[in-house]
file protein-v9.cif (mmCIF, C-alpha atoms)
data_final
#
loop_
_atom_site.group_PDB
_atom_site.id
_atom_site.type_symbol
_atom_site.label_atom_id
_atom_site.label_comp_id
_atom_site.auth_asym_id
_atom_site.auth_seq_id
_atom_site.Cartn_x
_atom_site.Cartn_y
_atom_site.Cartn_z
ATOM 1 C CA MET A 1 51.518 99.699 112.378
ATOM 2 C CA THR A 2 53.641 96.575 111.924
ATOM 3 C CA LEU A 3 52.761 96.640 108.249
ATOM 4 C CA LEU A 4 54.041 100.203 108.006
ATOM 5 C CA ILE A 5 57.259 99.322 109.846
ATOM 6 C CA GLY A 6 57.752 96.275 107.582
ATOM 7 C CA LEU A 7 57.147 98.376 104.475
ATOM 8 C CA PHE A 8 59.524 101.077 105.735
ATOM 9 C CA GLY A 9 62.182 98.399 106.493
ATOM 10 C CA ALA A 10 61.814 96.903 103.023
ATOM 11 C CA LEU A 11 62.127 100.317 101.356
ATOM 12 C CA LEU A 12 65.129 101.221 103.498
ATOM 13 C CA GLY A 13 66.800 97.872 102.719
ATOM 14 C CA THR A 14 66.132 98.324 99.007
ATOM 15 C CA LEU A 15 67.548 101.857 99.074
ATOM 16 C CA ILE A 16 70.699 100.812 100.954
ATOM 17 C CA GLY A 17 71.152 97.829 98.606
ATOM 18 C CA ALA A 18 70.778 100.090 95.551
ATOM 19 C CA ILE A 19 73.318 102.587 96.905
ATOM 20 C CA ALA A 20 75.792 99.796 97.731
ATOM 21 C CA THR A 21 75.363 98.275 94.255
ATOM 22 C CA TYR A 22 75.845 101.680 92.602
ATOM 23 C CA LEU A 23 79.017 102.442 94.567
ATOM 24 C CA THR A 24 80.484 98.973 93.960
ATOM 25 C CA THR A 25 79.690 99.036 90.235
ATOM 26 C CA ARG A 26 81.064 102.542 89.853
ATOM 27 C CA SER A 27 84.280 101.597 91.648
ATOM 28 C CA ASN A 28 84.731 98.469 89.526
ATOM 29 C CA MET A 29 84.111 100.402 86.304
ATOM 30 C CA ARG A 30 86.678 103.000 87.309
ATOM 31 C CA LEU A 31 89.286 100.350 88.111
ATOM 32 C CA THR A 32 88.587 98.621 84.797
ATOM 33 C CA LEU A 33 88.998 101.875 82.867
ATOM 34 C CA GLU A 34 92.230 102.757 84.697
ATOM 35 C CA HIS A 35 93.608 99.290 84.042
ATOM 36 C CA SER A 36 92.708 99.502 80.356
ATOM 37 C CA TYR A 37 94.375 102.929 80.080
ATOM 38 C CA ASP A 38 97.512 101.676 81.838
ATOM 39 C CA GLN A 39 97.733 98.662 79.519
ATOM 40 C CA THR A 40 97.372 100.852 76.422
ATOM 41 C CA LEU A 41 99.963 103.327 77.672
ATOM 42 C CA GLN A 42 102.374 100.529 78.562
ATOM 43 C CA GLY A 43 102.021 99.029 75.069
ATOM 44 C CA LYS A 44 102.713 102.355 73.370
ATOM 45 C CA ARG A 45 105.598 103.081 75.748
ATOM 46 C CA LEU A 46 107.144 99.687 75.001
ATOM 47 C CA GLU A 47 107.144 100.406 71.249
ATOM 48 C CA ARG A 48 108.743 103.843 71.690
ATOM 49 C CA TYR A 49 111.248 102.601 74.253
ATOM 50 C CA GLN A 50 112.382 99.814 71.932
ATOM 51 C CA ALA A 51 113.212 102.418 69.282
ATOM 52 C CA LEU A 52 115.109 104.567 71.817
ATOM 53 C CA PHE A 53 116.955 101.540 73.166
ATOM 54 C CA HIS A 54 117.989 100.712 69.600
ATOM 55 C CA ALA A 55 119.067 104.315 68.922
ATOM 56 C CA SER A 56 121.221 104.309 72.053
ATOM 57 C CA LYS A 57 123.529 101.712 70.524
ATOM 58 C CA CYS A 58 125.629 104.640 69.277
ATOM 59 C CA LEU A 59 126.704 105.103 72.927
ATOM 60 C CA PRO A 60 127.721 101.583 73.944
ATOM 61 C CA ARG A 61 129.101 100.449 77.237
ATOM 62 C CA TYR A 62 132.639 100.875 75.899
ATOM 63 C CA TRP A 63 134.159 101.742 72.549
ATOM 64 C CA LEU A 64 136.723 99.583 70.866
ATOM 65 C CA PRO A 65 139.850 101.511 69.789
ATOM 66 C CA THR A 66 138.605 101.579 66.175
ATOM 67 C CA GLU A 67 135.117 102.805 67.163
ATOM 68 C CA LYS A 68 135.848 105.971 69.120
ATOM 69 C CA PRO A 69 133.477 108.696 67.855
ATOM 70 C CA THR A 70 134.407 112.253 66.947
ATOM 71 C CA ARG A 71 132.525 115.387 67.873
ATOM 72 C CA LYS A 72 130.932 115.328 64.424
ATOM 73 C CA ASP A 73 129.600 111.837 65.214
ATOM 74 C CA LEU A 74 128.089 113.210 68.438
ATOM 75 C CA GLN A 75 126.219 115.817 66.395
ATOM 76 C CA GLN A 76 124.669 112.987 64.371
ATOM 77 C CA PHE A 77 123.850 111.057 67.551
ATOM 78 C CA ARG A 78 122.176 114.162 68.985
ATOM 79 C CA GLN A 79 120.101 114.504 65.824
ATOM 80 C CA ALA A 80 119.010 110.850 66.018
ATOM 81 C CA PHE A 81 117.882 111.303 69.638
ATOM 82 C CA HIS A 82 116.145 114.581 68.749
ATOM 83 C CA ASP A 83 114.316 112.870 65.869
ATOM 84 C CA TRP A 84 113.186 110.071 68.174
ATOM 85 C CA TYR A 85 111.882 112.555 70.760
ATOM 86 C CA PHE A 86 109.937 114.768 68.336
ATOM 87 C CA GLY A 87 109.370 112.372 65.401
ATOM 88 C CA GLU A 88 106.046 111.116 64.108
ATOM 89 C CA GLU A 89 105.958 108.471 66.824
ATOM 90 C CA ALA A 90 106.398 111.239 69.470
ATOM 91 C CA GLY A 91 108.640 109.054 71.606
ATOM 92 C CA GLY A 92 109.448 111.815 74.072
ATOM 93 C CA MET A 93 105.819 112.051 75.060
ATOM 94 C CA PHE A 94 105.956 108.557 76.570
ATOM 95 C CA LEU A 95 109.033 108.999 78.783
ATOM 96 C CA THR A 96 108.424 108.562 82.477
ATOM 97 C CA PRO A 97 109.684 111.450 84.641
ATOM 98 C CA ALA A 98 112.736 109.429 85.733
ATOM 99 C CA ALA A 99 113.631 108.441 82.154
ATOM 100 C CA LYS A 100 113.089 111.993 80.915
ATOM 101 C CA VAL A 101 115.553 113.428 83.447
ATOM 102 C CA ILE A 102 118.256 110.971 82.359
ATOM 103 C CA TYR A 103 117.431 111.478 78.667
ATOM 104 C CA MET A 104 117.704 115.271 78.964
ATOM 105 C CA ARG A 105 120.979 115.056 80.906
ATOM 106 C CA MET A 106 122.376 112.797 78.196
ATOM 107 C CA LEU A 107 121.157 115.073 75.393
ATOM 108 C CA ASN A 108 122.626 118.147 77.111
ATOM 109 C CA LEU A 109 125.979 116.418 77.489
ATOM 110 C CA LEU A 110 125.868 115.300 73.848
ATOM 111 C CA VAL A 111 125.390 118.925 72.764
ATOM 112 C CA GLU A 112 128.115 120.218 75.077
ATOM 113 C CA ALA A 113 130.612 117.613 73.892
ATOM 114 C CA ALA A 114 129.657 117.874 70.209
ATOM 115 C CA TYR A 115 130.110 121.637 69.998
ATOM 116 C CA GLU A 116 132.878 122.191 72.567
ATOM 117 C CA SER A 117 135.648 122.222 69.987
ATOM 118 C CA GLU A 118 135.992 124.130 66.731
ATOM 119 C CA GLU A 119 137.501 120.949 65.288
ATOM 120 C CA PRO A 120 134.602 118.567 64.417
ATOM 121 C CA GLU A 121 136.941 115.613 63.916
ATOM 122 C CA SER A 122 138.605 115.991 67.309
ATOM 123 C CA PRO A 123 138.238 113.053 69.721
ATOM 124 C CA LEU A 124 136.347 113.167 72.985
ATOM 125 C CA SER A 125 138.170 113.511 76.257
ATOM 126 C CA ALA A 126 138.224 110.438 78.469
ATOM 127 C CA ALA A 127 135.903 112.152 80.977
ATOM 128 C CA GLU A 128 133.362 113.135 78.285
ATOM 129 C CA SER A 129 133.396 109.638 76.858
ATOM 130 C CA GLN A 130 132.977 108.017 80.262
ATOM 131 C CA THR A 131 130.126 110.314 81.308
ATOM 132 C CA LEU A 132 128.255 109.894 78.018
ATOM 133 C CA ARG A 133 128.495 106.116 78.118
ATOM 134 C CA GLU A 134 127.421 106.017 81.766
ATOM 135 C CA LEU A 135 124.375 108.198 81.052
ATOM 136 C CA ALA A 136 123.413 106.047 78.057
ATOM 137 C CA SER A 137 123.725 102.938 80.224
ATOM 138 C CA GLU A 138 121.657 104.576 82.968
ATOM 139 C CA LEU A 139 119.003 105.498 80.400
ATOM 140 C CA ARG A 140 118.804 101.951 79.033
ATOM 141 C CA HIS A 141 118.576 100.633 82.577
ATOM 142 C CA GLN A 142 115.711 103.048 83.336
ATOM 143 C CA LEU A 143 113.887 102.132 80.113
ATOM 144 C CA ALA A 144 114.029 98.448 81.018
ATOM 145 C CA GLU A 145 112.762 99.241 84.506
ATOM 146 C CA ASP A 146 109.931 101.430 83.175
ATOM 147 C CA VAL A 147 108.523 98.707 80.949
ATOM 148 C CA GLY A 148 109.209 95.934 83.437
ATOM 149 C CA ALA A 149 111.481 94.042 81.036
ATOM 150 C CA ALA A 150 114.260 93.489 83.547
ATOM 151 C CA ASN A 151 112.239 93.482 86.736
ATOM 152 C CA PRO A 152 112.375 90.646 89.222
ATOM 153 C CA PRO A 153 109.092 89.469 90.754
ATOM 154 C CA ARG A 154 106.703 92.338 91.462
ATOM 155 C CA LEU A 155 107.655 92.754 95.114
ATOM 156 C CA ARG A 156 108.435 96.183 96.531
ATOM 157 C CA TRP A 157 111.623 95.060 98.208
ATOM 158 C CA ALA A 158 113.051 93.458 95.034
ATOM 159 C CA ARG A 159 114.776 96.275 93.112
ATOM 160 C CA LEU A 160 117.072 96.160 90.127
ATOM 161 C CA GLY A 161 120.747 96.506 90.902
ATOM 162 C CA PRO A 162 123.122 98.998 89.306
ATOM 163 C CA PRO A 163 124.633 98.279 85.868
ATOM 164 C CA VAL A 164 127.624 95.939 85.864
ATOM 165 C CA PRO A 165 130.914 97.829 85.288
ATOM 166 C CA PRO A 166 132.934 97.123 82.110
ATOM 167 C CA PRO A 167 135.826 94.667 82.307
ATOM 168 C CA PRO A 168 139.159 95.988 83.622
ATOM 169 C CA GLY A 169 141.493 97.417 81.026
ATOM 170 C CA ILE A 170 138.686 98.869 78.890
ATOM 171 C CA SER A 171 138.888 102.652 79.002
ATOM 172 C CA ALA A 172 137.176 105.550 77.319
#

call {"tool": "encode", "arguments": {"input": "protein-v9.cif", "output": "structure tokens"}}
result
Amino acid sequence: MTLLIGLFGALLGTLIGAIATYLTTRSNMRLTLEHSYDQTLQGKRLERYQALFHASKCLPRYWLPTEKPTRKDLQQFRQAFHDWYFGEEAGGMFLTPAAKVIYMRMLNLLVEAAYESEEPESPLSAAESQTLRELASELRHQLAEDVGAANPPRLRWARLGPPVPPPPGISA
């Protein structure tokens, strides 16, 4: 009888050990695969975001008096952003939900401002200029946050602050 109990205990211990090993190995494999996927996605996102960040230079923090764009320029800017989104690199596919919302708001405003007037060489209003530049700044800020380029230490309580306002006397 004791031999049977010992044999049953050994089999039960082996079975429990096998189940624990299976569950642990499966969990570790899943974490490894998720981590690998996240790293690959982050690398691709970084490449696409760098191109978008570069393209956003057409909407700087402020325009010098000699740099103020016309509505025709905005049409070209819109086309550049459209090409980035749908181009061969498919940049739009890698936007995070937060970045996509800002990007779409900026693109919508670009279209509204570019085609608001029959006169393609007419200047932007101060409000249009201000809003466009603020959205572009917000987008760049979100891109940096998405890829972790401007993040402080990875602590939940440490968040990025808002963009620094332009110097006084600089207007749209």

call {"tool": "residues_around", "arguments": {"input": "protein-v9.cif", "residues": "stretch 68-85 of chain A", "least_positions_apart": "5", "cutoff": "8 Å", "atoms": "all atoms listed in the file", "output": "CSV table (one decimal) with C-alpha atoms, in the frame of the given file"}}
result
chain,number,residue,atom,x,y,z
A,51,ALA,CA,113.2,102.4,69.3
A,52,LEU,CA,115.1,104.6,71.8
A,55,ALA,CA,119.1,104.3,68.9
A,58,CYS,CA,125.6,104.6,69.3
A,63,TRP,CA,134.2,101.7,72.5
A,90,ALA,CA,106.4,111.2,69.5
A,91,GLY,CA,108.6,109.1,71.6
A,92,GLY,CA,109.4,111.8,74.1
A,93,MET,CA,105.8,112.1,75.1
A,107,LEU,CA,121.2,115.1,75.4
A,110,LEU,CA,125.9,115.3,73.8
A,111,VAL,CA,125.4,118.9,72.8
A,113,ALA,CA,130.6,117.6,73.9
A,114,ALA,CA,129.7,117.9,70.2
A,115,TYR,CA,130.1,121.6,70.0
A,117,SER,CA,135.6,122.2,70.0
A,119,GLU,CA,137.5,120.9,65.3
A,120,PRO,CA,134.6,118.6,64.4
A,121,GLU,CA,136.9,115.6,63.9
A,122,SER,CA,138.6,116.0,67.3
A,123,PRO,CA,138.2,113.1,69.7
A,124,LEU,CA,136.3,113.2,73.0

call {"tool": "atom_distance", "arguments": {"input": "protein-v9.cif", "atom1": "atom CA of A:Pro168", "atom2": "atom CA of A:Glu67"}}
result
18.3 Å

call {"tool": "closest_residue", "arguments": {"input": "protein-v9.cif", "among": "A:Arg45, A:Arg105, A:His35, A:Arg30", "to": "A:Glu145", "atoms": "all atoms listed in the file"}}
result
A:Arg45

call {"tool": "residues_near_point", "arguments": {"input": "protein-v9.cif", "point": "(113.7, 100.8, 72.6)", "cutoff": "12 Å", "atoms": "all atoms listed in the file", "output": "PyMOL selection string"}}
result
chain A and resi 44-57+81+84+91-92+94-95+139-144+146-147+149

call {"tool": "atom_distance", "arguments": {"input": "protein-v9.cif", "atom1": "atom CA of A:Pro162", "atom2": "atom CA of A:Gln130"}}
result
16.1 Å

call {"tool": "atom_distance", "arguments": {"input": "protein-v9.cif", "atom1": "atom CA of A:Pro65", "atom2": "atom CA of A:Arg133"}}
result
14.8 Å

call {"tool": "closest_residue", "arguments": {"input": "protein-v9.cif", "among": "A:Gly87, A:Pro60, A:Pro97, A:Pro165", "to": "A:Ala136", "atoms": "all atoms listed in the file"}}
result
A:Pro60

call {"tool": "closest_residue", "arguments": {"input": "protein-v9.cif", "among": "A:Ala10, A:Ala126, A:Leu4, A:Leu59", "to": "A:Met106", "atoms": "only C-alpha atoms"}}
result
A:Leu59

call {"tool": "axis_aligned_box", "arguments": {"input": "protein-v9.cif", "around": "stretch 5-9 of chain A", "padding_each_side": "3 Å", "output": "AutoDock Vina command-line options"}}
result
--center_x 59.7 --center_y 98.7 --center_z 107.2 --size_x 11.0 --size_y 10.8 --size_z 11.4

call {"tool": "build_atoms", "arguments": {"input": "protein-v9.cif", "residues": "stretch 54-80 of chain A", "atoms": "N, CA, C and O atoms", "output": "compact mmCIF listing (two decimals), keeping the file's coordinate frame"}}
result
# COMPACT_ATOMS: atom_id res chain seq x y z
N HIS A 54 117.24 101.00 70.82
CA HIS A 54 117.99 100.71 69.60
C HIS A 54 118.86 101.91 69.19
O HIS A 54 120.02 101.74 68.82
N ALA A 55 118.31 103.11 69.29
CA ALA A 55 119.07 104.32 68.92
C ALA A 55 120.25 104.54 69.85
O ALA A 55 121.27 105.12 69.45
N SER A 56 120.15 104.08 71.09
CA SER A 56 121.22 104.31 72.05
C SER A 56 122.44 103.42 71.81
O SER A 56 123.44 103.55 72.51
N LYS A 57 122.37 102.56 70.81
CA LYS A 57 123.53 101.71 70.52
C LYS A 57 124.74 102.54 70.08
O LYS A 57 125.86 102.06 70.16
N CYS A 58 124.51 103.77 69.67
CA CYS A 58 125.63 104.64 69.28
C CYS A 58 126.47 105.03 70.48
O CYS A 58 127.59 105.53 70.33
N LEU A 59 125.96 104.83 71.69
CA LEU A 59 126.70 105.10 72.93
C LEU A 59 126.80 103.81 73.73
O LEU A 59 126.13 103.63 74.74
N PRO A 60 127.65 102.89 73.28
CA PRO A 60 127.72 101.58 73.94
C PRO A 60 128.42 101.66 75.29
O PRO A 60 128.93 102.70 75.69
N ARG A 61 128.47 100.55 75.93
CA ARG A 61 129.10 100.45 77.24
C ARG A 61 130.58 100.85 77.18
O ARG A 61 131.10 101.49 78.08
N TYR A 62 131.26 100.45 76.15
CA TYR A 62 132.64 100.88 75.90
C TYR A 62 132.88 100.86 74.40
O TYR A 62 132.21 100.15 73.66
N TRP A 63 133.81 101.69 73.95
CA TRP A 63 134.16 101.74 72.55
C TRP A 63 135.46 100.99 72.33
O TRP A 63 136.41 101.12 73.11
N LEU A 64 135.48 100.21 71.26
CA LEU A 64 136.72 99.58 70.87
C LEU A 64 137.63 100.67 70.30
O LEU A 64 137.14 101.73 69.86
N PRO A 65 138.94 100.46 70.27
CA PRO A 65 139.85 101.51 69.79
C PRO A 65 139.50 102.02 68.39
O PRO A 65 139.68 103.19 68.08
N THR A 66 138.95 101.17 67.54
CA THR A 66 138.60 101.58 66.18
C THR A 66 137.24 102.25 66.09
O THR A 66 136.87 102.75 65.04
N GLU A 67 136.49 102.28 67.17
CA GLU A 67 135.12 102.80 67.16
C GLU A 67 134.96 104.16 67.83
O GLU A 67 133.86 104.66 67.91
N LYS A 68 136.01 104.74 68.35
CA LYS A 68 135.85 105.97 69.12
C LYS A 68 135.27 107.08 68.24
O LYS A 68 135.84 107.42 67.22
N PRO A 69 134.13 107.67 68.68
CA PRO A 69 133.48 108.70 67.86
C PRO A 69 134.17 110.06 67.96
O PRO A 69 134.88 110.34 68.92
N THR A 70 133.92 110.88 66.95
CA THR A 70 134.41 112.25 66.95
C THR A 70 133.27 113.16 67.38
O THR A 70 132.13 112.72 67.54
N ARG A 71 133.57 114.42 67.51
CA ARG A 71 132.52 115.39 67.87
C ARG A 71 131.47 115.50 66.77
O ARG A 71 130.30 115.73 67.04
N LYS A 72 131.88 115.31 65.54
CA LYS A 72 130.93 115.33 64.42
C LYS A 72 129.96 114.14 64.56
O LYS A 72 128.76 114.29 64.28
N ASP A 73 130.47 113.00 64.98
CA ASP A 73 129.60 111.84 65.21
C ASP A 73 128.58 112.15 66.30
O ASP A 73 127.41 111.76 66.20
N LEU A 74 129.01 112.86 67.35
CA LEU A 74 128.09 113.21 68.44
C LEU A 74 126.96 114.11 67.94
O LEU A 74 125.83 114.02 68.43
N GLN A 75 127.26 114.96 66.97
CA GLN A 75 126.22 115.82 66.40
C GLN A 75 125.17 114.95 65.70
O GLN A 75 123.96 115.22 65.80
N GLN A 76 125.61 113.90 65.02
CA GLN A 76 124.67 112.99 64.37
C GLN A 76 123.88 112.19 65.41
O GLN A 76 122.67 111.97 65.24
N PHE A 77 124.55 111.77 66.48
CA PHE A 77 123.85 111.06 67.55
C PHE A 77 122.78 111.95 68.17
O PHE A 77 121.65 111.52 68.42
N ARG A 78 123.12 113.22 68.41
CA ARG A 78 122.18 114.16 68.98
C ARG A 78 120.96 114.30 68.08
O ARG A 78 119.82 114.32 68.53
N GLN A 79 121.21 114.37 66.77
CA GLN A 79 120.10 114.50 65.82
C GLN A 79 119.20 113.26 65.85
O GLN A 79 117.98 113.37 65.80
N ALA A 80 119.80 112.09 65.96
CA ALA A 80 119.01 110.85 66.02
C ALA A 80 118.12 110.84 67.27
O ALA A 80 116.94 110.47 67.20
